[in-house]
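Worksheet: one structure, shown below.
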Amino acid sequence: MQDDAALVERCLRGDTGAFDALVERYRDRVFSLAFRILGEASTAEDAMQEAFLRAYTRLPLYDPAQSFATWLLCLTTRVCLNTRRDRATEMRYLEQAAKAIPPAPTPEERLYEREQRRTLQRLLLRLPTSQRAAILLYYYEELPVAEVARALGVPEGTVKTWLYRGREHLRRWLEEELG
Amino acid sequence: MRTTCKTLEPLLHDYAEGWLEEAGRARVQRHLLRCATCQEKLKAWSAVGRALRELPRLPAPACPHGAPPNESEPRLALRLALAMCLPVALLITAYGNHWQLPNWEQFTPYEPLLQLTERAQGWVLTIWSWLRGVL
Ligand SMILES: [Zn+2]
């Protein structure tokens, strides 16, 4: 299996099969992130398609010093944040989304943890979108603060504040719901 | 004690993430030694962080909107090629009408071209899905 850099290289030389390979490699990851930011499957799927299209057209601008995964996930986040939706629609997705997300249990997982995870997935959607995006990029995708700041177009200090507020909200809400 | 905890909270978060310098770390540690509430909060925060990191990855839908695989479905590359045609045609029309090349000294082709391309992709994809519907 070729690494990302080799595939990008082939792609820039006009080998479209290489881009298909990149799509295949990252589609679940891009979809998961989009789904967790947007909270709804068909919107997330549209965002995923848009993100890959953009990645393809912008590939000549990609700086190989950055990891391809990071670049793609940042791009995906920006696509998601540009998906404009009013707050009422977003709240409507909230309950649907909570039901739609599979709990994906592992055998050794304790019941409490599974319950906590399911609740967490739902509570995430209560956060303001950019705060949620910051939380997901930092904790879920494990990107450094500097990359998160670049992706969201805000100073690093703002990202740190969002992470702090977001996590504190989640802690408090989890405590309220699970005791 | 209460106000100390409240003012210390952002610092406690930075401490939990390992973002603090030596002095700040010492200050938080001194407080933690005699504050069970903040110890609990720290523990709860790392539990939230861990739970977020462990959220399961979701499988992307295999085909657009769950449709079964379809042989006539064009590959992504083909769709992209089609999507590129319109902006190229637009540019040719625009410059062709004036029968002159733009002033390359002041012309930065990339950004506007990209924006145009991205906008045009939207139209082409819409037309494309409409065409698929009709055919
Ligand atoms: Zn305290």
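Labels used: A, B, ... for chains in the order of the structure tokens, numbers from 1 for residues in each chain, and numbers from 1 for ligands as shown.
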Determine, for each residue of chain B having at least one atom at most 7 Å from an atom of ligand 1, the closest pair of atoms and their separation in Å to one decimal, counting only C-alpha atoms and all ligand atoms; order by chain and ascending number, as JSON lines.
```
{"residue": "B:Met1", "atom": "CA", "partner": "ligand 1", "partner_atom_place_in_ligand_line": "1 (Zn)", "distance": 6.8}
{"residue": "B:Arg2", "atom": "CA", "partner": "ligand 1", "partner_atom_place_in_ligand_line": "1 (Zn)", "distance": 6.9}
{"residue": "B:Thr4", "atom": "CA", "partner": "ligand 1", "partner_atom_place_in_ligand_line": "1 (Zn)", "distance": 6.5}
{"residue": "B:Cys5", "atom": "CA", "partner": "ligand 1", "partner_atom_place_in_ligand_line": "1 (Zn)", "distance": 3.9}
{"residue": "B:His31", "atom": "CA", "partner": "ligand 1", "partner_atom_place_in_ligand_line": "1 (Zn)", "distance": 6.4}
{"residue": "B:Leu32", "atom": "CA", "partner": "ligand 1", "partner_atom_place_in_ligand_line": "1 (Zn)", "distance": 6.5}
{"residue": "B:Cys35", "atom": "CA", "partner": "ligand 1", "partner_atom_place_in_ligand_line": "1 (Zn)", "distance": 4.7}
{"residue": "B:Ala36", "atom": "CA", "partner": "ligand 1", "partner_atom_place_in_ligand_line": "1 (Zn)", "distance": 6.8}
{"residue": "B:Thr37", "atom": "CA", "partner": "ligand 1", "partner_atom_place_in_ligand_line": "1 (Zn)", "distance": 5.4}
{"residue": "B:Cys38", "atom": "CA", "partner": "ligand 1", "partner_atom_place_in_ligand_line": "1 (Zn)", "distance": 4.2}
```
Please determine the contact residues of chain B with respect to chain A at a cut-off of 6 Å, counting only C-alpha atoms, and supply them as a compact mmCIF listing (two decimals) with N, CA, C and O atoms, in the first residue's frame.
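This went into out_39.txt:
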```
# COMPACT_ATOMS: atom_id res chain seq x y z
N LEU B 52 -14.19 11.50 24.22
CA LEU B 52 -14.22 12.15 22.90
C LEU B 52 -13.24 11.46 21.95
O LEU B 52 -13.54 11.24 20.78
N ARG B 53 -12.06 11.14 22.48
CA ARG B 53 -11.05 10.48 21.65
C ARG B 53 -11.51 9.10 21.20
O ARG B 53 -11.15 8.63 20.14
N ARG B 57 -15.59 5.53 14.90
CA ARG B 57 -15.61 6.04 13.52
C ARG B 57 -16.83 5.44 12.83
O ARG B 57 -17.15 4.28 13.02
N LEU B 58 -17.51 6.26 12.03
CA LEU B 58 -18.73 5.79 11.38
C LEU B 58 -18.44 5.46 9.92
O LEU B 58 -17.72 6.20 9.26
N PRO B 59 -19.01 4.37 9.42
CA PRO B 59 -18.78 4.04 8.01
C PRO B 59 -19.54 5.02 7.10
O PRO B 59 -20.72 5.29 7.33
N ALA B 60 -18.85 5.54 6.10
CA ALA B 60 -19.50 6.45 5.14
C ALA B 60 -20.46 5.63 4.29
O ALA B 60 -20.19 4.46 4.01
N ALA B 77 -13.54 10.75 -10.94
CA ALA B 77 -12.62 11.45 -11.85
C ALA B 77 -13.37 11.99 -13.06
O ALA B 77 -13.14 13.12 -13.49
```
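Among the candidates A:Thr77, A:Thr43, A:Thr119, A:Thr83, the one nearest to Ala149 in chain A when counting only C-alpha atoms is A:Thr77.
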For range 18-21 of chain B, list every protein, DNA or RNA residue within 12 Å, evaluated using only C-alpha atoms, and leave out those in the same chain fewer than 5 positions away; present the list as a PDB file with C-alpha atoms, in the first residue's frame.
```pdb
ATOM      1  CA  PRO A 144      -2.542  20.238  17.500  1.00  0.00           C
ATOM      2  CA  VAL A 145      -4.062  23.566  18.581  1.00  0.00           C
ATOM      3  CA  GLY A 157      -6.064  31.604  22.142  1.00  0.00           C
ATOM      4  CA  LYS A 160      -8.003  27.176  23.694  1.00  0.00           C
TER       5      LYS A 160
ATOM      6  CA  PRO B  10      -9.199  28.241  32.914  1.00  0.00           C
ATOM      7  CA  LEU B  11      -5.730  27.642  34.327  1.00  0.00           C
ATOM      8  CA  LEU B  12      -6.807  24.214  35.513  1.00  0.00           C
ATOM      9  CA  HIS B  13      -7.893  23.419  31.959  1.00  0.00           C
ATOM     10  CA  ALA B  26       3.166  24.871  40.537  1.00  0.00           C
ATOM     11  CA  ARG B  27       0.303  27.243  41.325  1.00  0.00           C
ATOM     12  CA  VAL B  28      -2.323  24.757  40.151  1.00  0.00           C
ATOM     13  CA  GLN B  29      -0.640  21.870  41.958  1.00  0.00           C
ATOM     14  CA  SER B  46      -9.928  13.902  31.432  1.00  0.00           C
TER      15      SER B  46
END
```
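Taking only C-alpha atoms, the non-local environment of Asp3 in chain A within 10 Å (same-chain residues fewer than 3 positions away omitted) comprises A:Ala6, A:Leu7, A:Val8, A:Leu22, A:Phe68.
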Selection near Leu81 in chain A, 8 Å with only C-alpha atoms, sequence-local residues under 3 positions removed, as an MDAnalysis selection string: chainID A and resid 77:78 84 129:130
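The interatomic distance for the pair CA of Ile37 in chain A and CA of Ala133 in chain A works out to 6.0 Å.
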Two-atom distance - CA of Ala16 in chain B, CA of Glu40 in chain B (Å):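 Taking CA of Ala16 in chain B and CA of Glu40 in chain B, their separation equals 12.2 Å.
Here CA of Leu123 in chain A is placed at a distance of 21.4 Å from CA of Thr158 in chain A.
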